[in-house]
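J.: To be precise about what I am sending: the file is called structure-v1.tsv and holds TSV, C-alpha atoms.
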```tsv
chain	number	residue	atom	x	y	z
A	1	MET	CA	-9.59	3.50	-12.65
A	2	GLY	CA	-12.07	0.91	-13.90
A	3	GLY	CA	-15.04	0.41	-16.15
A	4	ASN	CA	-17.28	2.86	-14.28
A	5	TYR	CA	-14.81	5.71	-14.86
A	6	PRO	CA	-13.15	5.04	-18.23
A	7	GLY	CA	-12.01	8.68	-18.52
A	8	ALA	CA	-10.09	8.65	-15.24
A	9	LYS	CA	-6.35	9.33	-15.33
A	10	PHE	CA	-3.58	9.33	-12.76
A	11	ALA	CA	-0.82	11.86	-12.36
A	12	VAL	CA	2.46	11.57	-10.49
A	13	ALA	CA	3.36	14.74	-8.62
A	14	ASP	CA	5.33	15.83	-5.57
A	15	VAL	CA	2.35	16.61	-3.37
A	16	ARG	CA	4.58	18.52	-0.95
A	17	ASP	CA	4.83	21.29	-3.56
A	18	HIS	CA	1.63	23.30	-3.99
A	19	ALA	CA	2.69	24.76	-7.35
A	20	THR	CA	3.23	21.26	-8.76
A	21	VAL	CA	-0.21	20.12	-7.61
A	22	GLU	CA	-1.83	23.27	-9.00
A	23	LYS	CA	-0.17	22.63	-12.37
A	24	MET	CA	-1.40	19.02	-12.34
A	25	VAL	CA	-4.98	20.19	-11.84
A	26	ALA	CA	-4.62	23.01	-14.39
A	27	ASP	CA	-3.25	20.57	-16.99
A	28	CYS	CA	-6.21	18.26	-16.41
A	29	VAL	CA	-8.71	21.08	-16.82
A	30	ALA	CA	-6.92	22.35	-19.93
A	31	GLU	CA	-7.10	18.89	-21.50
A	32	SER	CA	-10.59	17.84	-20.40
A	33	GLY	CA	-12.36	21.13	-19.83
A	34	ARG	CA	-13.36	20.26	-16.27
A	35	LEU	CA	-12.42	18.30	-13.16
A	36	ASP	CA	-15.14	16.03	-11.81
A	37	TYR	CA	-13.07	13.94	-9.38
A	38	LEU	CA	-9.80	14.35	-7.51
A	39	PHE	CA	-8.33	11.45	-5.52
A	40	ASN	CA	-5.69	12.58	-3.00
A	41	ASN	CA	-3.85	9.29	-2.59
A	42	ALA	CA	-0.17	9.94	-1.82
A	43	GLY	CA	1.05	8.90	1.62
A	44	ILE	CA	3.76	7.31	3.76
A	45	SER	CA	3.36	5.10	6.83
A	46	GLN	CA	5.00	4.72	10.23
A	47	LYS	CA	5.11	1.93	12.80
A	48	TYR	CA	7.70	2.29	15.54
A	49	PRO	CA	8.03	3.68	19.09
A	50	TYR	CA	7.59	7.43	19.37
A	51	GLU	CA	11.11	7.98	20.71
A	52	TYR	CA	12.57	6.91	17.36
A	53	SER	CA	11.01	9.95	15.68
A	54	ASN	CA	12.39	13.46	15.42
A	55	LEU	CA	11.16	16.76	13.99
A	56	ALA	CA	12.55	15.98	10.53
A	57	ILE	CA	10.55	12.73	10.42
A	58	TRP	CA	7.50	14.58	11.71
A	59	LYS	CA	7.89	17.19	8.95
A	60	GLU	CA	8.18	14.55	6.23
A	61	MET	CA	5.04	12.79	7.49
A	62	ILE	CA	3.02	16.01	7.70
A	63	ASP	CA	4.29	17.40	4.38
A	64	ILE	CA	3.26	14.29	2.44
A	65	ASN	CA	0.25	12.93	4.31
A	66	LEU	CA	-1.46	16.16	5.34
A	67	TRP	CA	-0.10	19.05	3.28
A	68	GLY	CA	-0.37	16.83	0.20
A	69	VAL	CA	-4.12	16.55	0.76
A	70	ILE	CA	-4.48	20.26	1.57
A	71	HIS	CA	-2.63	21.16	-1.63
A	72	GLY	CA	-4.93	18.89	-3.65
A	73	VAL	CA	-8.08	20.34	-2.08
A	74	ASN	CA	-6.89	23.93	-2.53
A	75	ALA	CA	-6.05	23.33	-6.20
A	76	ALA	CA	-9.27	21.48	-7.09
A	77	LEU	CA	-11.89	23.33	-5.08
A	78	PRO	CA	-11.86	26.62	-7.05
A	79	VAL	CA	-12.33	24.65	-10.29
A	80	MET	CA	-15.24	22.68	-8.85
A	81	ARG	CA	-16.86	25.83	-7.50
A	82	ARG	CA	-16.69	27.47	-10.93
A	83	GLN	CA	-18.22	24.44	-12.65
A	84	LYS	CA	-20.77	24.07	-9.81
A	85	GLY	CA	-19.97	20.47	-8.95
A	86	GLY	CA	-17.29	17.88	-8.27
A	87	HIS	CA	-16.06	15.26	-5.83
A	88	ILE	CA	-12.80	15.17	-3.84
A	89	VAL	CA	-11.68	11.88	-2.29
A	90	ASN	CA	-9.06	11.89	0.49
A	91	MET	CA	-7.09	8.87	1.67
A	92	SER	CA	-6.94	8.30	5.43
A	93	SER	CA	-6.62	4.96	7.26
A	94	VAL	CA	-8.56	2.73	9.63
A	95	SER	CA	-5.60	3.30	12.00
A	96	ALA	CA	-6.88	6.85	12.44
A	97	LEU	CA	-10.22	5.49	13.67
A	98	LEU	CA	-8.58	2.97	15.99
A	99	CYS	CA	-5.62	5.15	17.12
A	100	SER	CA	-3.28	2.19	16.79
A	101	PRO	CA	-0.31	2.02	19.22
A	102	TYR	CA	3.14	2.80	17.78
A	103	GLN	CA	1.67	4.75	14.84
A	104	SER	CA	1.41	8.15	16.52
A	105	LEU	CA	2.84	10.23	13.65
A	106	TYR	CA	0.84	8.40	11.00
A	107	VAL	CA	-2.38	8.49	13.03
A	108	THR	CA	-1.99	12.22	13.70
A	109	THR	CA	-1.87	13.06	10.01
A	110	LYS	CA	-4.56	10.59	8.98
A	111	SER	CA	-6.89	11.76	11.78
A	112	ALA	CA	-6.51	15.33	10.52
A	113	ILE	CA	-7.59	14.18	7.07
A	114	ILE	CA	-10.79	12.69	8.51
A	115	GLY	CA	-11.54	15.95	10.32
A	116	LEU	CA	-10.83	18.07	7.25
A	117	THR	CA	-12.99	15.89	5.01
A	118	ASP	CA	-15.88	15.82	7.48
A	119	CYS	CA	-15.93	19.62	7.74
A	120	LEU	CA	-15.81	20.12	3.98
A	121	TYR	CA	-18.40	17.39	3.31
A	122	TYR	CA	-21.10	19.36	5.10
A	123	GLU	CA	-19.81	22.79	4.05
A	124	TYR	CA	-19.88	22.13	0.31
A	125	ARG	CA	-22.83	19.73	-0.11
A	126	PRO	CA	-25.15	22.72	-0.81
A	127	GLN	CA	-22.82	23.66	-3.69
A	128	ASN	CA	-23.02	20.16	-5.25
A	129	ILE	CA	-19.40	19.45	-4.29
A	130	PHE	CA	-18.89	16.21	-2.39
A	131	PHE	CA	-16.09	14.93	-0.17
A	132	THR	CA	-15.28	11.33	0.77
A	133	VAL	CA	-12.62	10.01	3.13
A	134	ILE	CA	-11.26	6.48	2.66
A	135	CYS	CA	-10.27	4.51	5.79
A	136	PRO	CA	-8.86	1.19	4.57
A	137	GLY	CA	-7.05	-1.54	6.42
A	138	ASN	CA	-4.04	-3.11	4.76
A	139	VAL	CA	-4.05	-2.93	0.95
A	140	ALA	CA	-1.40	-4.74	-1.13
A	141	THR	CA	0.45	-1.65	-2.39
A	142	PRO	CA	4.15	-0.65	-2.57
A	143	ILE	CA	3.81	1.16	0.77
A	144	PHE	CA	4.79	-2.17	2.39
A	145	LYS	CA	8.01	-2.33	0.31
A	146	GLY	CA	7.40	-5.95	-0.73
A	147	ASP	CA	6.50	-7.26	2.74
A	148	ILE	CA	2.75	-7.54	2.07
A	149	PRO	CA	0.65	-8.52	5.14
A	150	LYS	CA	-1.39	-11.71	4.78
A	151	ASP	CA	-4.64	-9.85	5.45
A	152	ALA	CA	-4.00	-7.20	2.77
A	153	VAL	CA	-6.85	-6.55	0.36
A	154	PRO	CA	-5.83	-6.90	-3.32
A	155	VAL	CA	-5.55	-3.57	-5.11
A	156	GLN	CA	-8.34	-4.23	-7.64
A	157	GLU	CA	-10.73	-5.25	-4.86
A	158	ALA	CA	-9.89	-2.11	-2.92
A	159	VAL	CA	-10.39	0.02	-6.04
A	160	GLN	CA	-13.84	-1.44	-6.62
A	161	ILE	CA	-14.90	-0.89	-3.00
A	162	ILE	CA	-13.73	2.72	-3.17
A	163	LEU	CA	-15.36	3.45	-6.53
A	164	ASP	CA	-18.65	1.89	-5.40
A	165	GLY	CA	-18.66	4.09	-2.29
A	166	VAL	CA	-17.68	7.22	-4.19
A	167	GLY	CA	-20.44	6.49	-6.71
A	168	LYS	CA	-22.90	6.55	-3.79
A	169	ARG	CA	-21.31	9.76	-2.48
A	170	GLU	CA	-20.57	8.15	0.87
A	171	ARG	CA	-18.90	10.44	3.40
A	172	MET	CA	-16.61	7.71	4.79
A	173	ILE	CA	-15.61	4.34	3.34
A	174	VAL	CA	-14.15	1.77	5.74
A	175	PHE	CA	-12.97	-1.66	4.59
A	176	PRO	CA	-12.60	-4.62	4.81
A	177	ASP	CA	-15.78	-5.56	6.68
A	178	ALA	CA	-13.85	-7.28	9.49
A	179	LEU	CA	-12.17	-3.98	10.39
A	180	LYS	CA	-15.43	-2.10	10.03
A	181	GLU	CA	-16.85	-4.40	12.72
A	182	ILE	CA	-13.84	-3.77	14.98
A	183	VAL	CA	-14.29	-0.01	14.62
A	184	GLU	CA	-17.91	-0.39	15.71
A	185	LYS	CA	-16.93	-2.62	18.67
A	186	CYS	CA	-14.32	-0.03	19.76
A	187	LYS	CA	-17.18	2.33	20.60
A	188	ASP	CA	-17.36	0.21	23.77
A	189	PRO	CA	-14.56	1.61	26.01
A	190	VAL	CA	-13.86	-1.76	27.63
A	191	PHE	CA	-13.48	-3.53	24.28
A	192	ARG	CA	-11.33	-0.69	22.94
A	193	ASP	CA	-9.02	-0.74	25.95
A	194	THR	CA	-8.62	-4.53	25.81
A	195	ALA	CA	-7.97	-4.49	22.05
A	196	HIS	CA	-5.36	-1.71	22.31
A	197	ILE	CA	-3.51	-3.39	25.17
A	198	GLN	CA	-3.30	-6.58	23.13
A	199	ALA	CA	-2.25	-4.67	20.00
A	200	GLU	CA	0.53	-2.97	21.96
A	201	LYS	CA	1.84	-6.33	23.20
A	202	ASP	CA	1.68	-7.90	19.73
A	203	THR	CA	3.50	-4.97	18.13
A	204	ARG	CA	6.18	-4.91	20.83
A	205	ALA	CA	6.79	-8.61	20.14
A	206	GLU	CA	7.08	-7.80	16.44
A	207	PHE	CA	9.75	-5.20	17.22
A	208	SER	CA	11.92	-7.91	18.80
A	209	THR	CA	12.46	-9.74	15.49
A	210	PRO	CA	15.92	-9.32	13.84
A	211	GLU	CA	14.36	-7.67	10.78
A	212	TYR	CA	12.59	-5.04	12.84
A	213	GLN	CA	15.62	-4.48	15.05
A	214	GLN	CA	17.61	-3.69	11.92
A	215	TYR	CA	14.89	-1.28	10.77
A	216	LEU	CA	14.80	0.45	14.16
A	217	ALA	CA	18.58	0.75	14.15
A	218	GLY	CA	18.33	2.55	10.82
A	219	LEU	CA	15.75	4.93	12.24
A	220	LYS	CA	17.97	5.59	15.25
A	221	SER	CA	20.80	6.62	12.94
A	222	ARG	CA	18.51	9.29	11.42
A	223	ARG	CA	17.89	10.90	14.81
```
For the structure just supplied, provide its representation as structure tokens.
T.:
Amino acid sequence: MGGNYPGAKFAVADVRDHATVEKMVADCVAESGRLDYLFNNAGISQKYPYEYSNLAIWKEMIDINLWGVIHGVNAALPVMRRQKGGHIVNMSSVSALLCSPYQSLYVTTKSAIIGLTDCLYYEYRPQNIFFTVICPGNVATPIFKGDIPKDAVPVQEAVQIILDGVGKRERMIVFPDALKEIVEKCKDPVFRDTAHIQAEKDTRAEFSTPEYQQYLAGLKSRR
């Protein structure tokens, strides 16, 4: 994870399965003797009109994005309580702060992660256990399936921002700075309304491209 945390390791696990996540944590504790940090990072995205979704798509989104975090928290928290300290980091999105149009399923799960992390941050601070929620904009990861947005933050830059914030035990980390400023401006209802109306128009125009039409056709076939 970087020079500040040379002992950090990653593990690949099906976060939808609580037993698998519990084993991952248990294996880490067996090898290292303790668990100081857990980063709940797995997630999938969504950007299309609500009517293209169905309950199966909803379940997949909730199982990975939300239950995956719950499983990680439930597996790590007992260990951290026994050792009287630790830090759990949960991945949300700036979309959850902005409530971006056409991302209703994604925003629902990512908003829940913010709420969960906020509650636990204050509940467990007295026990020396800290919680941080990450709300990034676009980061150049495989979640975009090769179609990386031009404004995407490089992975190493994102990692450094996150590690710096976690090192300071920040409750919420929002980046890049341009999006942080937009989140602040959206506290003004007029600005927020204007920005969302424009975002809806821009996204609807994006849906009209042949590439997106093909994608939406594929979604329709899953319904």
J.: Can you build me a table of range 27-92 of chain A residues sitting at most 9 Å from range 195-216 of chain A, with the closest atom pair per residue and its distance in Å to one decimal, using all atoms listed in the file, sorted by chain and residue number, as JSON lines?
T.:
```
{"residue": "A:Lys47", "atom": "CA", "partner": "A:Thr203", "partner_atom": "CA", "distance": 8.9}
{"residue": "A:Tyr48", "atom": "CA", "partner": "A:Leu216", "partner_atom": "CA", "distance": 7.5}
{"residue": "A:Pro49", "atom": "CA", "partner": "A:Arg204", "partner_atom": "CA", "distance": 9.0}
{"residue": "A:Tyr52", "atom": "CA", "partner": "A:Leu216", "partner_atom": "CA", "distance": 7.5}
```
J.: Which neighbours of range 118-129 of chain A fall inside 6 Å, counting all atoms listed in the file, when residues of the same chain fewer than 4 positions from it are skipped, and could you give them as an mmCIF file with C-alpha atoms, in the coordinates of the input?
T.:
```cif
data_model
loop_
_atom_site.group_PDB
_atom_site.id
_atom_site.type_symbol
_atom_site.label_atom_id
_atom_site.label_comp_id
_atom_site.auth_asym_id
_atom_site.auth_seq_id
_atom_site.Cartn_x
_atom_site.Cartn_y
_atom_site.Cartn_z
ATOM 1 C CA GLY A 85 -19.970 20.470 -8.950
ATOM 2 C CA GLY A 86 -17.290 17.880 -8.270
ATOM 3 C CA HIS A 87 -16.060 15.260 -5.830
#
```
J.: Which residue is closest to Glu181 in chain A? Choose from A:Ala158, A:Val166, A:Leu97, A:Val15 and count only C-alpha atoms.
T.: A:Leu97
J.: List as a tab-separated table (two decimals) with C-alpha atoms, in the coordinates of the input the protein and nucleic acid residues near range 18-27 of chain A, meaning an atom at most 10 Å away when all atoms listed in the file are counted, but skip any in the same chain fewer than 4 places from it.
T.:
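Everything below was put into selection_19.tsv:
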```tsv
chain	number	residue	atom	x	y	z
A	10	PHE	CA	-3.58	9.33	-12.76
A	11	ALA	CA	-0.82	11.86	-12.36
A	12	VAL	CA	2.46	11.57	-10.49
A	13	ALA	CA	3.36	14.74	-8.62
A	14	ASP	CA	5.33	15.83	-5.57
A	31	GLU	CA	-7.10	18.89	-21.50
A	32	SER	CA	-10.59	17.84	-20.40
A	33	GLY	CA	-12.36	21.13	-19.83
A	34	ARG	CA	-13.36	20.26	-16.27
A	35	LEU	CA	-12.42	18.30	-13.16
A	38	LEU	CA	-9.80	14.35	-7.51
A	67	TRP	CA	-0.10	19.05	3.28
A	68	GLY	CA	-0.37	16.83	0.20
A	69	VAL	CA	-4.12	16.55	0.76
A	70	ILE	CA	-4.48	20.26	1.57
A	71	HIS	CA	-2.63	21.16	-1.63
A	72	GLY	CA	-4.93	18.89	-3.65
A	73	VAL	CA	-8.08	20.34	-2.08
A	74	ASN	CA	-6.89	23.93	-2.53
A	75	ALA	CA	-6.05	23.33	-6.20
A	76	ALA	CA	-9.27	21.48	-7.09
A	79	VAL	CA	-12.33	24.65	-10.29
```
J.: Using all atoms listed in the file for the distances, tell me which of A:Val159, A:Arg82, A:Pro176, A:Asn41 is nearest to Ile113 in chain A.
T.: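 The shortest atom-to-atom distance to Ile113 in chain A comes from A:Asn41.
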J.: Between A:Leu219, A:Ile62, A:Ile161, A:Ala30, single out the one closest to Cys135 in chain A, counting all atoms listed in the file.
T.: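 Smallest separation from Cys135 in chain A among the options: A:Ile161.
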J.: For a cut-off of 6 Å around (-11.7, 11.0, -3.8), file coordinates, pick out all residues using only C-alpha atoms and list them as a ChimeraX atom specification.
T.: /A:38-39,88-90,132
J.: Just the number, please: distance in Å from CA of Ile162 in chain A to CA of Tyr106 in chain A, one decimal.
T.: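 Going from CA of Ile162 in chain A over to CA of Tyr106 in chain A, I get 21.1 Å.
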J.: How far is it from CA of Pro78 in chain A to CA of Asn40 in chain A, in Å with one decimal?
T.: 15.9 Å
J.: Which residue out of A:Ala56, A:Ile143, A:Val133, A:Leu105 has the minimum interatomic distance to Glu170 in chain A when only C-alpha atoms are used?
T.: A:Val133
J.: Using Å and a single decimal, report how far CA of Val153 in chain A sits from CA of Ala140 in chain A.
T.: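 If I compute the distance from CA of Ala140 in chain A to CA of Val153 in chain A, I get 5.9 Å.
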J.: Measuring atom to atom with all atoms listed in the file, identify which of A:Arg16, A:Val94, A:Ser104, A:Lys150 is nearest to Glu51 in chain A.
T.: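 Of the candidates, the smallest distance to Glu51 in chain A is held by A:Ser104.
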J.: List the neighbours of Val174 in chain A out to 8 Å using all atoms listed in the file; skip same-chain residues closer than 3 positions along the sequence, and give me the result as a VMD selection string.
T.: chain A and resid 94 134 to 137 177 179 to 180
J.: Draw an axis-aligned box tight on the listed atoms of range 102-116 of chain A, then pad every side by 6 Å and write out centre and edge lengths in Å to one decimal as AutoDock Vina command-line options.
T.:
```
--center_x -4.2 --center_y 10.4 --center_z 12.4 --size_x 26.7 --size_y 27.3 --size_z 22.7
```
J.: Pick out the residues sitting within 12 Å of Pro142 in chain A, and hand them over as a compact mmCIF listing (two decimals) with C-alpha atoms, keeping the file's coordinate frame; count only C-alpha atoms, and ignore anything fewer than 6 positions along from it in its own chain.
T.:
```
# COMPACT_ATOMS: atom_id res chain seq x y z
CA ALA A 42 -0.17 9.94 -1.82
CA GLY A 43 1.05 8.90 1.62
CA ILE A 44 3.76 7.31 3.76
CA SER A 45 3.36 5.10 6.83
CA ILE A 148 2.75 -7.54 2.07
CA PRO A 149 0.65 -8.52 5.14
CA ALA A 152 -4.00 -7.20 2.77
CA PRO A 154 -5.83 -6.90 -3.32
CA VAL A 155 -5.55 -3.57 -5.11
```
